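Peer 1: What follows is query_20.cif, mmCIF, C-alpha atoms.
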```cif
data_query
#
loop_
_atom_site.group_PDB
_atom_site.id
_atom_site.type_symbol
_atom_site.label_atom_id
_atom_site.label_comp_id
_atom_site.auth_asym_id
_atom_site.auth_seq_id
_atom_site.Cartn_x
_atom_site.Cartn_y
_atom_site.Cartn_z
ATOM 1 C CA LEU A 1 -11.147 -23.855 45.840
ATOM 2 C CA GLY A 2 -11.100 -26.332 42.920
ATOM 3 C CA LYS A 3 -14.803 -25.884 42.409
ATOM 4 C CA GLY A 4 -14.463 -22.079 42.340
ATOM 5 C CA ARG A 5 -11.704 -22.269 39.719
ATOM 6 C CA GLY A 6 -13.795 -24.654 37.646
ATOM 7 C CA GLU A 7 -16.759 -22.294 37.744
ATOM 8 C CA ARG A 8 -14.615 -19.355 36.679
ATOM 9 C CA ALA A 9 -13.023 -21.407 33.873
ATOM 10 C CA GLY A 10 -16.449 -22.535 32.705
ATOM 11 C CA ALA A 11 -17.735 -18.976 32.758
ATOM 12 C CA GLY A 12 -14.684 -17.797 30.819
ATOM 13 C CA GLY A 13 -15.305 -20.472 28.184
ATOM 14 C CA ALA A 14 -18.927 -19.405 27.990
ATOM 15 C CA TRP A 15 -17.833 -15.796 27.434
ATOM 16 C CA HIS A 16 -15.628 -16.808 24.480
ATOM 17 C CA ARG A 17 -18.339 -19.036 22.992
ATOM 18 C CA THR A 18 -20.844 -16.184 23.323
ATOM 19 C CA GLN A 19 -18.371 -13.777 21.712
ATOM 20 C CA ARG A 20 -17.813 -16.090 18.739
ATOM 21 C CA ALA A 21 -21.533 -16.629 18.223
ATOM 22 C CA THR A 22 -22.223 -12.895 18.499
ATOM 23 C CA MET A 23 -19.440 -12.018 16.069
ATOM 24 C CA ALA A 24 -20.768 -14.538 13.560
ATOM 25 C CA THR A 25 -24.255 -13.038 13.834
ATOM 26 C CA CYS A 26 -22.996 -9.471 13.382
ATOM 27 C CA ALA A 27 -20.810 -10.513 10.435
ATOM 28 C CA GLY A 28 -23.764 -12.152 8.710
ATOM 29 C CA VAL A 29 -25.988 -9.140 9.183
ATOM 30 C CA SER A 30 -23.182 -6.828 8.065
ATOM 31 C CA ARG A 31 -22.858 -8.784 4.821
ATOM 32 C CA ARG A 32 -26.586 -8.445 4.208
ATOM 33 C CA LEU A 33 -26.338 -4.731 4.966
ATOM 34 C CA ALA A 34 -23.485 -4.360 2.453
ATOM 35 C CA GLY A 35 -25.502 -6.302 -0.110
ATOM 36 C CA GLY A 36 -28.524 -4.077 0.456
ATOM 37 C CA LEU A 37 -26.427 -0.950 0.066
ATOM 38 C CA HIS A 38 -24.930 -2.287 -3.172
ATOM 39 C CA ALA A 39 -28.402 -3.046 -4.519
ATOM 40 C CA LEU A 40 -29.622 0.393 -3.505
ATOM 41 C CA LEU A 41 -26.734 2.113 -5.269
ATOM 42 C CA SER A 42 -27.225 -0.077 -8.351
ATOM 43 C CA GLN A 43 -30.895 0.925 -8.588
ATOM 44 C CA ALA A 44 -30.295 4.593 -7.814
ATOM 45 C CA SER A 45 -29.425 5.415 -11.399
ATOM 46 C CA PHE A 46 -32.866 4.201 -12.496
ATOM 47 C CA GLY A 47 -34.822 6.638 -10.343
ATOM 48 C CA SER A 48 -37.510 5.731 -7.846
ATOM 49 C CA GLY A 49 -38.885 2.608 -9.580
ATOM 50 C CA PRO A 50 -39.953 -0.638 -7.885
ATOM 51 C CA GLY A 51 -36.366 -1.969 -7.828
ATOM 52 C CA PHE A 52 -35.200 1.102 -5.944
ATOM 53 C CA ALA A 53 -38.053 0.821 -3.426
ATOM 54 C CA ALA A 54 -37.376 -2.888 -2.840
ATOM 55 C CA ALA A 55 -33.666 -2.230 -2.336
ATOM 56 C CA SER A 56 -34.478 0.548 0.145
ATOM 57 C CA ARG A 57 -36.741 -1.760 2.175
ATOM 58 C CA SER A 58 -34.076 -4.490 2.195
ATOM 59 C CA LEU A 59 -31.436 -2.012 3.357
ATOM 60 C CA ALA A 60 -33.696 -0.682 6.127
ATOM 61 C CA LYS A 61 -34.389 -4.228 7.383
ATOM 62 C CA SER A 62 -30.684 -5.105 7.393
ATOM 63 C CA ARG A 63 -29.883 -1.934 9.330
ATOM 64 C CA GLY A 64 -32.510 -2.867 11.919
ATOM 65 C CA ASP A 65 -31.155 -6.423 12.184
ATOM 66 C CA LEU A 66 -27.611 -5.121 12.647
ATOM 67 C CA GLY A 67 -28.691 -2.726 15.408
ATOM 68 C CA LEU A 68 -30.510 -5.546 17.223
ATOM 69 C CA ALA A 69 -27.505 -7.862 16.909
ATOM 70 C CA LEU A 70 -25.113 -5.235 18.272
ATOM 71 C CA ALA A 71 -27.444 -4.431 21.182
ATOM 72 C CA THR A 72 -27.695 -8.141 22.008
ATOM 73 C CA ALA A 73 -23.904 -8.463 21.766
ATOM 74 C CA THR A 74 -23.357 -5.623 24.234
ATOM 75 C CA THR A 75 -25.850 -6.986 26.772
ATOM 76 C CA THR A 76 -24.637 -10.587 26.496
ATOM 77 C CA THR A 77 -20.953 -9.646 26.664
ATOM 78 C CA THR A 78 -21.462 -7.484 29.763
ATOM 79 C CA THR A 79 -23.454 -10.187 31.547
ATOM 80 C CA THR A 80 -21.030 -12.986 30.691
ATOM 81 C CA ALA A 81 -17.922 -10.925 31.486
ATOM 82 C CA THR A 82 -19.354 -10.080 34.928
ATOM 83 C CA ALA A 83 -20.105 -13.730 35.600
ATOM 84 C CA SER A 84 -16.599 -14.762 34.561
ATOM 85 C CA ALA A 85 -14.794 -12.167 36.692
ATOM 86 C CA GLY A 86 -12.056 -13.544 38.934
ATOM 87 C CA PRO A 87 -11.770 -13.097 42.683
ATOM 88 C CA ARG A 88 -10.546 -9.520 42.288
ATOM 89 C CA GLY A 89 -13.099 -8.578 39.613
ATOM 90 C CA THR A 90 -10.738 -9.044 36.654
ATOM 91 C CA SER A 91 -12.606 -9.870 33.436
ATOM 92 C CA HIS A 92 -11.499 -12.706 31.166
ATOM 93 C CA ALA A 93 -12.213 -10.499 28.126
ATOM 94 C CA PRO A 94 -9.218 -9.932 25.829
ATOM 95 C CA PRO A 95 -7.423 -6.621 26.608
ATOM 96 C CA SER A 96 -7.831 -3.693 24.217
ATOM 97 C CA SER A 97 -4.899 -2.002 22.508
ATOM 98 C CA GLY A 98 -5.526 1.271 24.326
ATOM 99 C CA ARG A 99 -4.851 3.351 21.196
ATOM 100 C CA ASP A 100 -7.386 5.602 19.532
ATOM 101 C CA GLU A 101 -7.749 6.271 15.823
ATOM 102 C CA GLY A 102 -5.133 8.763 14.666
ATOM 103 C CA SER A 103 -2.833 8.219 17.644
ATOM 104 C CA PRO A 104 0.951 8.039 17.131
ATOM 105 C CA GLY A 105 0.513 4.270 16.869
ATOM 106 C CA THR A 106 -1.371 4.627 13.608
ATOM 107 C CA SER A 107 0.796 4.570 10.491
ATOM 108 C CA ARG A 108 0.347 7.285 7.898
ATOM 109 C CA ALA A 109 0.098 4.677 5.152
ATOM 110 C CA TYR A 110 -2.601 2.483 6.611
ATOM 111 C CA GLY A 111 -4.164 4.315 9.556
ATOM 112 C CA SER A 112 -6.987 5.978 7.630
ATOM 113 C CA ALA A 113 -8.717 2.660 7.051
ATOM 114 C CA ARG A 114 -8.647 1.520 10.702
ATOM 115 C CA THR A 115 -11.383 2.284 13.214
ATOM 116 C CA GLU A 116 -12.404 1.124 16.671
ATOM 117 C CA LYS A 117 -15.097 -1.015 15.016
ATOM 118 C CA ASP A 118 -12.387 -2.743 12.955
ATOM 119 C CA SER A 119 -10.344 -3.584 16.056
ATOM 120 C CA ALA A 120 -13.399 -5.206 17.620
ATOM 121 C CA SER A 121 -14.006 -7.408 14.579
ATOM 122 C CA THR A 122 -12.539 -10.880 14.393
ATOM 123 C CA THR A 123 -11.754 -11.021 10.673
ATOM 124 C CA TYR A 124 -12.887 -9.414 7.435
ATOM 125 C CA ASP A 125 -12.384 -9.683 3.686
ATOM 126 C CA VAL A 126 -9.969 -7.646 1.552
ATOM 127 C CA GLY A 127 -10.117 -8.217 -2.185
ATOM 128 C CA CYS A 128 -9.894 -11.965 -2.778
ATOM 129 C CA SER A 129 -8.504 -12.596 0.731
ATOM 130 C CA SER A 130 -11.011 -13.666 3.369
ATOM 131 C CA ASN A 131 -10.886 -14.045 7.155
ATOM 132 C CA ILE A 132 -7.949 -11.694 7.726
ATOM 133 C CA ARG A 133 -7.282 -8.708 9.954
ATOM 134 C CA TRP A 134 -4.642 -5.991 10.297
ATOM 135 C CA HIS A 135 -2.295 -6.412 13.280
ATOM 136 C CA GLU A 136 -1.078 -3.027 14.494
ATOM 137 C CA SER A 137 2.527 -2.937 15.704
ATOM 138 C CA PRO A 138 3.340 -1.251 19.036
ATOM 139 C CA VAL A 139 6.350 0.257 17.216
ATOM 140 C CA THR A 140 5.045 3.378 15.493
ATOM 141 C CA ARG A 141 6.206 4.847 12.229
ATOM 142 C CA ASP A 142 7.406 7.940 14.073
ATOM 143 C CA ALA A 143 9.507 5.739 16.359
ATOM 144 C CA ARG A 144 11.156 4.068 13.381
ATOM 145 C CA GLU A 145 11.824 7.378 11.650
ATOM 146 C CA ARG A 146 13.163 8.913 14.850
ATOM 147 C CA GLN A 147 15.580 6.010 15.229
ATOM 148 C CA LEU A 148 16.770 6.406 11.617
ATOM 149 C CA ASP A 149 16.714 10.225 11.758
ATOM 150 C CA GLN A 150 14.930 10.391 8.404
ATOM 151 C CA ARG A 151 11.459 10.185 6.885
ATOM 152 C CA GLY A 152 10.165 7.240 4.887
ATOM 153 C CA CYS A 153 9.249 8.120 1.308
ATOM 154 C CA VAL A 154 9.082 6.742 -2.228
ATOM 155 C CA LEU A 155 10.910 8.220 -5.210
ATOM 156 C CA TRP A 156 9.126 6.682 -8.197
ATOM 157 C CA MET A 157 11.501 6.919 -11.181
ATOM 158 C CA THR A 158 9.809 6.470 -14.551
ATOM 159 C CA GLY A 159 11.178 6.733 -18.084
ATOM 160 C CA LEU A 160 11.994 4.773 -21.219
ATOM 161 C CA SER A 161 14.206 1.708 -21.233
ATOM 162 C CA GLY A 162 17.799 2.904 -21.448
ATOM 163 C CA SER A 163 17.046 6.344 -19.954
ATOM 164 C CA GLY A 164 19.346 5.673 -16.998
ATOM 165 C CA LYS A 165 16.763 5.161 -14.237
ATOM 166 C CA SER A 166 18.551 2.255 -12.566
ATOM 167 C CA THR A 167 21.975 3.852 -12.823
ATOM 168 C CA VAL A 168 20.781 7.058 -11.179
ATOM 169 C CA ALA A 169 18.787 5.122 -8.561
ATOM 170 C CA PHE A 170 21.754 3.035 -7.413
ATOM 171 C CA THR A 171 24.046 6.059 -7.509
ATOM 172 C CA LEU A 172 21.617 7.855 -5.194
ATOM 173 C CA GLU A 173 21.435 4.810 -2.912
ATOM 174 C CA HIS A 174 25.230 4.811 -2.620
ATOM 175 C CA LEU A 175 25.287 8.543 -1.908
ATOM 176 C CA LEU A 176 22.656 8.225 0.831
ATOM 177 C CA GLN A 177 24.471 5.275 2.395
ATOM 178 C CA GLU A 178 27.654 7.333 2.579
ATOM 179 C CA LYS A 179 25.679 10.076 4.341
ATOM 180 C CA GLY A 180 24.435 7.583 6.943
ATOM 181 C CA LYS A 181 20.894 7.290 5.548
ATOM 182 C CA VAL A 182 18.931 4.107 4.915
ATOM 183 C CA CYS A 183 17.829 3.701 1.301
ATOM 184 C CA TYR A 184 16.783 0.767 -0.853
ATOM 185 C CA VAL A 185 16.234 0.497 -4.601
ATOM 186 C CA LEU A 186 13.333 -1.541 -5.958
ATOM 187 C CA ASP A 187 14.494 -2.076 -9.528
ATOM 188 C CA GLY A 188 11.995 -3.324 -12.098
ATOM 189 C CA ASP A 189 14.278 -6.049 -13.493
ATOM 190 C CA ASN A 190 15.404 -7.159 -10.032
ATOM 191 C CA VAL A 191 11.870 -7.573 -8.737
ATOM 192 C CA ARG A 192 10.995 -9.698 -11.774
ATOM 193 C CA HIS A 193 13.603 -12.213 -10.559
ATOM 194 C CA GLY A 194 11.320 -13.161 -7.674
ATOM 195 C CA LEU A 195 8.170 -11.331 -6.618
ATOM 196 C CA CYS A 196 7.009 -10.650 -10.180
ATOM 197 C CA LYS A 197 8.618 -13.511 -12.108
ATOM 198 C CA ASP A 198 5.140 -14.887 -12.861
ATOM 199 C CA LEU A 199 4.231 -11.764 -14.842
ATOM 200 C CA GLY A 200 4.768 -11.029 -18.519
ATOM 201 C CA PHE A 201 4.468 -7.749 -20.396
ATOM 202 C CA THR A 202 0.797 -7.647 -21.368
ATOM 203 C CA ARG A 203 -1.227 -4.616 -20.317
ATOM 204 C CA GLU A 204 -2.729 -6.612 -17.446
ATOM 205 C CA SER A 205 0.628 -7.993 -16.307
ATOM 206 C CA ARG A 206 2.208 -4.555 -16.365
ATOM 207 C CA GLU A 207 -0.647 -3.207 -14.231
ATOM 208 C CA GLU A 208 -0.214 -5.993 -11.668
ATOM 209 C CA ASN A 209 3.555 -5.498 -11.703
ATOM 210 C CA ILE A 210 3.129 -1.823 -10.794
ATOM 211 C CA ARG A 211 0.559 -2.656 -8.113
ATOM 212 C CA ARG A 212 2.936 -5.093 -6.419
ATOM 213 C CA MET A 213 5.846 -2.665 -6.598
ATOM 214 C CA GLY A 214 3.669 0.047 -5.101
ATOM 215 C CA GLU A 215 2.544 -2.144 -2.203
ATOM 216 C CA VAL A 216 6.109 -3.168 -1.364
ATOM 217 C CA ALA A 217 7.255 0.454 -1.591
ATOM 218 C CA LYS A 218 4.417 1.457 0.762
ATOM 219 C CA LEU A 219 5.557 -1.054 3.384
ATOM 220 C CA MET A 220 9.161 0.134 3.109
ATOM 221 C CA ALA A 221 8.205 3.796 3.415
ATOM 222 C CA ASN A 222 6.149 2.885 6.473
ATOM 223 C CA ALA A 223 9.338 1.375 7.927
ATOM 224 C CA GLY A 224 11.041 4.772 7.536
ATOM 225 C CA ILE A 225 13.175 3.823 4.533
ATOM 226 C CA VAL A 226 13.938 6.119 1.607
ATOM 227 C CA THR A 227 12.671 3.827 -1.157
ATOM 228 C CA VAL A 228 13.660 4.383 -4.778
ATOM 229 C CA VAL A 229 11.525 2.578 -7.355
ATOM 230 C CA SER A 230 13.146 2.313 -10.780
ATOM 231 C CA ILE A 231 10.661 1.017 -13.321
ATOM 232 C CA ILE A 232 9.412 2.075 -16.770
ATOM 233 C CA SER A 233 5.743 2.165 -15.605
ATOM 234 C CA PRO A 234 4.561 3.464 -18.996
ATOM 235 C CA PHE A 235 0.901 4.128 -18.179
ATOM 236 C CA ALA A 236 -0.144 7.248 -16.265
ATOM 237 C CA GLU A 237 -3.192 5.478 -14.840
ATOM 238 C CA ASP A 238 -1.031 2.889 -13.080
ATOM 239 C CA ARG A 239 1.322 5.507 -11.638
ATOM 240 C CA ASP A 240 -1.602 7.648 -10.503
ATOM 241 C CA ARG A 241 -3.091 4.643 -8.736
ATOM 242 C CA VAL A 242 0.137 4.189 -6.774
ATOM 243 C CA ARG A 243 0.235 7.921 -6.007
ATOM 244 C CA SER A 244 -3.299 7.712 -4.643
ATOM 245 C CA SER A 245 -2.335 4.753 -2.457
ATOM 246 C CA LEU A 246 0.845 6.310 -1.044
ATOM 247 C CA GLY A 247 -0.386 9.878 -0.703
ATOM 248 C CA ALA A 248 2.269 12.333 0.459
ATOM 249 C CA ASP A 249 4.912 9.590 0.497
ATOM 250 C CA PHE A 250 4.882 9.423 -3.315
ATOM 251 C CA HIS A 251 7.338 11.571 -5.305
ATOM 252 C CA GLU A 252 7.349 11.062 -9.057
ATOM 253 C CA VAL A 253 10.687 11.450 -10.856
ATOM 254 C CA TYR A 254 10.568 11.629 -14.642
ATOM 255 C CA VAL A 255 13.853 10.619 -16.286
ATOM 256 C CA LYS A 256 13.279 12.516 -19.503
ATOM 257 C CA VAL A 257 15.549 11.144 -22.206
ATOM 258 C CA PRO A 258 14.605 11.099 -25.920
ATOM 259 C CA LEU A 259 13.939 7.755 -27.580
ATOM 260 C CA SER A 260 16.808 8.337 -30.002
ATOM 261 C CA VAL A 261 19.279 8.675 -27.120
ATOM 262 C CA CYS A 262 17.897 5.592 -25.352
ATOM 263 C CA GLU A 263 18.126 3.582 -28.559
ATOM 264 C CA GLU A 264 21.694 4.735 -29.141
ATOM 265 C CA ARG A 265 22.661 3.639 -25.624
ATOM 266 C CA ASP A 266 20.698 0.342 -25.785
ATOM 267 C CA PRO A 267 22.511 -1.133 -22.717
ATOM 268 C CA LYS A 268 20.605 -4.446 -22.873
ATOM 269 C CA GLY A 269 20.412 -4.759 -26.656
ATOM 270 C CA LEU A 270 16.617 -4.592 -26.524
ATOM 271 C CA TYR A 271 16.079 -1.884 -29.127
ATOM 272 C CA ARG A 272 18.161 -3.883 -31.597
ATOM 273 C CA LYS A 273 15.935 -6.917 -30.987
ATOM 274 C CA VAL A 274 12.839 -4.766 -31.450
ATOM 275 C CA ARG A 275 14.099 -3.469 -34.809
ATOM 276 C CA GLU A 276 14.846 -7.062 -35.833
ATOM 277 C CA GLY A 277 11.286 -8.034 -35.006
ATOM 278 C CA LYS A 278 12.287 -10.320 -32.134
ATOM 279 C CA ILE A 279 10.397 -8.310 -29.466
ATOM 280 C CA LYS A 280 6.850 -7.021 -29.820
ATOM 281 C CA GLY A 281 4.983 -4.492 -27.681
ATOM 282 C CA PHE A 282 8.119 -2.625 -26.614
ATOM 283 C CA THR A 283 7.539 0.650 -24.753
ATOM 284 C CA GLY A 284 8.341 3.719 -26.826
ATOM 285 C CA VAL A 285 8.447 1.826 -30.122
ATOM 286 C CA ASP A 286 5.252 -0.165 -30.711
ATOM 287 C CA SER A 287 3.719 0.305 -27.266
ATOM 288 C CA PRO A 288 2.955 3.762 -25.821
ATOM 289 C CA TYR A 289 4.782 5.589 -23.065
ATOM 290 C CA GLU A 290 2.655 8.197 -21.285
ATOM 291 C CA ALA A 291 4.969 10.859 -19.879
ATOM 292 C CA PRO A 292 4.126 12.288 -16.442
ATOM 293 C CA ARG A 293 1.986 15.414 -16.558
ATOM 294 C CA SER A 294 3.341 17.088 -13.429
ATOM 295 C CA PRO A 295 6.170 15.104 -11.802
ATOM 296 C CA GLU A 296 7.809 16.383 -8.636
ATOM 297 C CA VAL A 297 11.232 16.118 -10.305
ATOM 298 C CA THR A 298 12.295 15.986 -13.970
ATOM 299 C CA LEU A 299 15.798 14.753 -14.797
ATOM 300 C CA GLU A 300 17.117 15.374 -18.313
ATOM 301 C CA ALA A 301 20.096 13.789 -20.031
ATOM 302 C CA ALA A 302 21.477 17.225 -20.874
ATOM 303 C CA ARG A 303 21.942 18.025 -17.196
ATOM 304 C CA GLY A 304 24.997 15.812 -16.824
ATOM 305 C CA GLU A 305 26.191 12.440 -15.584
ATOM 306 C CA PRO A 306 24.280 10.010 -13.313
ATOM 307 C CA ALA A 307 26.199 11.382 -10.319
ATOM 308 C CA ASP A 308 24.857 14.867 -11.070
ATOM 309 C CA MET A 309 21.290 13.563 -11.314
ATOM 310 C CA ALA A 310 21.688 11.609 -8.081
ATOM 311 C CA LYS A 311 22.947 14.758 -6.363
ATOM 312 C CA GLU A 312 19.894 16.637 -7.666
ATOM 313 C CA LEU A 313 17.621 14.027 -6.112
ATOM 314 C CA TYR A 314 19.600 14.152 -2.867
ATOM 315 C CA GLU A 315 19.110 17.916 -2.708
ATOM 316 C CA TYR A 316 15.399 17.451 -3.385
ATOM 317 C CA LEU A 317 15.130 15.051 -0.436
ATOM 318 C CA GLU A 318 16.993 17.537 1.771
ATOM 319 C CA GLU A 319 14.763 20.404 0.649
ATOM 320 C CA LYS A 320 11.639 18.406 1.493
ATOM 321 C CA GLY A 321 12.977 17.634 4.987
ATOM 322 C CA LEU A 322 13.028 13.893 4.330
ATOM 323 C CA LEU A 323 16.628 13.319 5.450
ATOM 324 C CA LYS A 324 16.052 14.266 9.075
ATOM 325 C CA PHE A 325 13.387 13.399 11.593
#
```
Produce C-alpha cells that represent the structure in this file.
Peer 2:
Amino acid sequence: LGKGRGERAGAGGAWHRTQRATMATCAGVSRRLAGGLHALLSQASFGSGPGFAAASRSLAKSRGDLGLALATATTTTTTTATASAGPRGTSHAPPSSGRDEGSPGTSRAYGSARTEKDSASTTYDVGCSSNIRWHESPVTRDARERQLDQRGCVLWMTGLSGSGKSTVAFTLEHLLQEKGKVCYVLDGDNVRHGLCKDLGFTRESREENIRRMGEVAKLMANAGIVTVVSIISPFAEDRDRVRSSLGADFHEVYVKVPLSVCEERDPKGLYRKVREGKIKGFTGVDSPYEAPRSPEVTLEAARGEPADMAKELYEYLEEKGLLKF
C-alpha cells in the first residue's frame, strides 16, 4: 500500500513539474510571438520592404513554435495526468473554475479581458507589473447588487475649484444613506491625504491622479456601490480615458459655475493666493479647464442650493434604474 501511494505521489509531482516546464516554454514562445507581431506592425507603415518581409518570417516561425509547444503540452499533460490518477481514476490536476467567458461570474468591469486561455496561464505581465494573474471571485457582481438592491455606478463630478462639487457629492451621499442605499464619495482632496499624497499638480501628476481615482472607482462600482467622484479633473482627455475604462458605469456630471462665482466663494482661500502670486498653474486662472462636451448631467449654480442639486442627481439615478436591482 505504501509503495502504491509513493508511486502516485511521485507521478503527481512529475505532473506538476511537467506543467511548470510546459508553461515556461509556452510563455517564452508567446513572448517571441508578441515581439514578432510588434515588429510586423512597426514595419507595416513602410510597405513591403525587406524589414517587413523579415518581420513576417519571424512572426510565422514564432506561430509555428507556439503551436508545437501547445500540442506537446496537451499530449504530455494527458499522459502524465493518466499516470498520476488515483485508485478511482481521479486526476491530480488542479480543478477548473467551471465558468465560461461571459457567465454571471464575470464582472462587467473586467470580464471582457478574461478568456479560457488566460485562466490556464500561470502568470502574465500588466504594465510594469510582472508575474501576476487575475483571481476571479465566486461572488458575482450581480450577487452583490442583488444583495444591496442597487446597481454599482460612478458619478464623476467635474468643475472648477469652489464650484461646490464636494458639497453636492456629500449631500447626495447623505440623501442616499437615508434612503437605505450604499454610496461613497471619493473626494479629490481626501484621496490626496493617502493614495495620491505622492503626487503634485504637474500635468503628469494630474493624469496619474485621475487614473488612480478611476481605478478605485471601478473597483467600487464592481462591488455594487454608488460611487461619487468629486475632483476638478480639468483635462477632457483624462476624463475620457476613465470613461473608456468604466464603460456604461461612467456618468459625467458637470458642475457648471462661472469662474467669477467660484472666486467670490473661494472656500479654501486659493484664488486669493493665486492673485497674490503664491500659487502657480491654478485651474481656471493660469492653467486651462476643459469643460465636458456632452456630460450626462449638468448642474448650474442658478438652479438652487446643494440640496436641490443633490436631489437632481438622485432623480437621475432613479431614472436610470440604478437604485434598484
Peer 1: List as a tab-separated table every residue of stretch 172-267 of chain A that is in contact with stretch 147-161 of chain A, defined as an atom at most 7 Å from one of its atoms (using only C-alpha atoms), together with the nearest atom pair and the distance in Å rounded to one decimal, sorted by chain and then rising number.
Peer 2:
```
residue	atom	partner	partner_atom	distance
A:Ala217	CA	A:Val154	CA	6.6
A:Ala221	CA	A:Gly152	CA	4.2
A:Asn222	CA	A:Gly152	CA	6.1
A:Ala223	CA	A:Gly152	CA	6.7
A:Gly224	CA	A:Gly152	CA	3.7
A:Ile225	CA	A:Gly152	CA	4.6
A:Val226	CA	A:Cys153	CA	5.1
A:Thr227	CA	A:Val154	CA	4.7
A:Val228	CA	A:Leu155	CA	4.7
A:Val229	CA	A:Trp156	CA	4.8
A:Ser230	CA	A:Met157	CA	4.9
A:Ile231	CA	A:Thr158	CA	5.7
A:Ile232	CA	A:Thr158	CA	4.9
A:Ser233	CA	A:Thr158	CA	6.0
A:Asp249	CA	A:Cys153	CA	4.7
A:Phe250	CA	A:Val154	CA	5.1
A:His251	CA	A:Leu155	CA	4.9
A:Glu252	CA	A:Trp156	CA	4.8
A:Val253	CA	A:Met157	CA	4.6
A:Tyr254	CA	A:Thr158	CA	5.2
A:Val255	CA	A:Gly159	CA	5.0
A:Lys256	CA	A:Gly159	CA	6.3
A:Cys262	CA	A:Ser161	CA	6.8
```
Peer 1: Atom CA of A:Val168 and atom CA of A:Met309 are how many Å apart?
Peer 2: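 Atom-to-atom, atom CA of A:Val168 and atom CA of A:Met309 are spaced 6.5 Å apart.
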Peer 1: Since I can't run it myself right now, could you work out what the PyMOL selection byres ((chain A and resi 306) around 12) selects here and report it as number ranges by chain?
Peer 2: A: 163-175, 255, 299-305, 307-313
Peer 1: Please put the answer as AutoDock Vina command-line options: centre and edge lengths, in Å with one decimal, of a box along x, y and z that encloses all listed atoms of stretch 279-284 of chain A plus 6 Å on each side.
Peer 2:
```
--center_x 7.7 --center_y -2.3 --center_z -27.3 --size_x 17.4 --size_y 24.0 --size_z 17.1
```
Peer 1: So which residues touch stretch 269-283 of chain A within 12 Å, counting all atoms listed in the file, skipping near sequence neighbours fewer than 4 positions away, as a list of chain:residue names?
Peer 2: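 Everything that qualifies: A:Thr158, A:Gly159, A:Leu160, A:Ser161, A:Gly162, A:Gly200, A:Phe201, A:Thr202, A:Arg203, A:Arg206, A:Ile231, A:Ile232, A:Ser233, A:Pro234, A:Phe235, A:Leu259, A:Ser260, A:Val261, A:Cys262, A:Glu263, A:Glu264, A:Arg265, A:Ser287, A:Pro288, A:Tyr289, A:Glu290, A:Ala291.
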Peer 1: To one decimal place in Å, what is the distance between atom CA of A:Lys181 and atom CA of A:Val139?
Peer 2: 19.9 Å
Peer 1: Quote the spacing between atom CA of A:Val285 and atom CA of A:Pro267 in Å to one decimal place.
Peer 2: 16.2 Å
Peer 1: Considering all atoms listed in the file, can you say which of A:Arg293, A:Arg141, A:Arg133, A:Lys324 comes closest to A:Asp240?
Peer 2: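 Closest candidate: A:Arg293.
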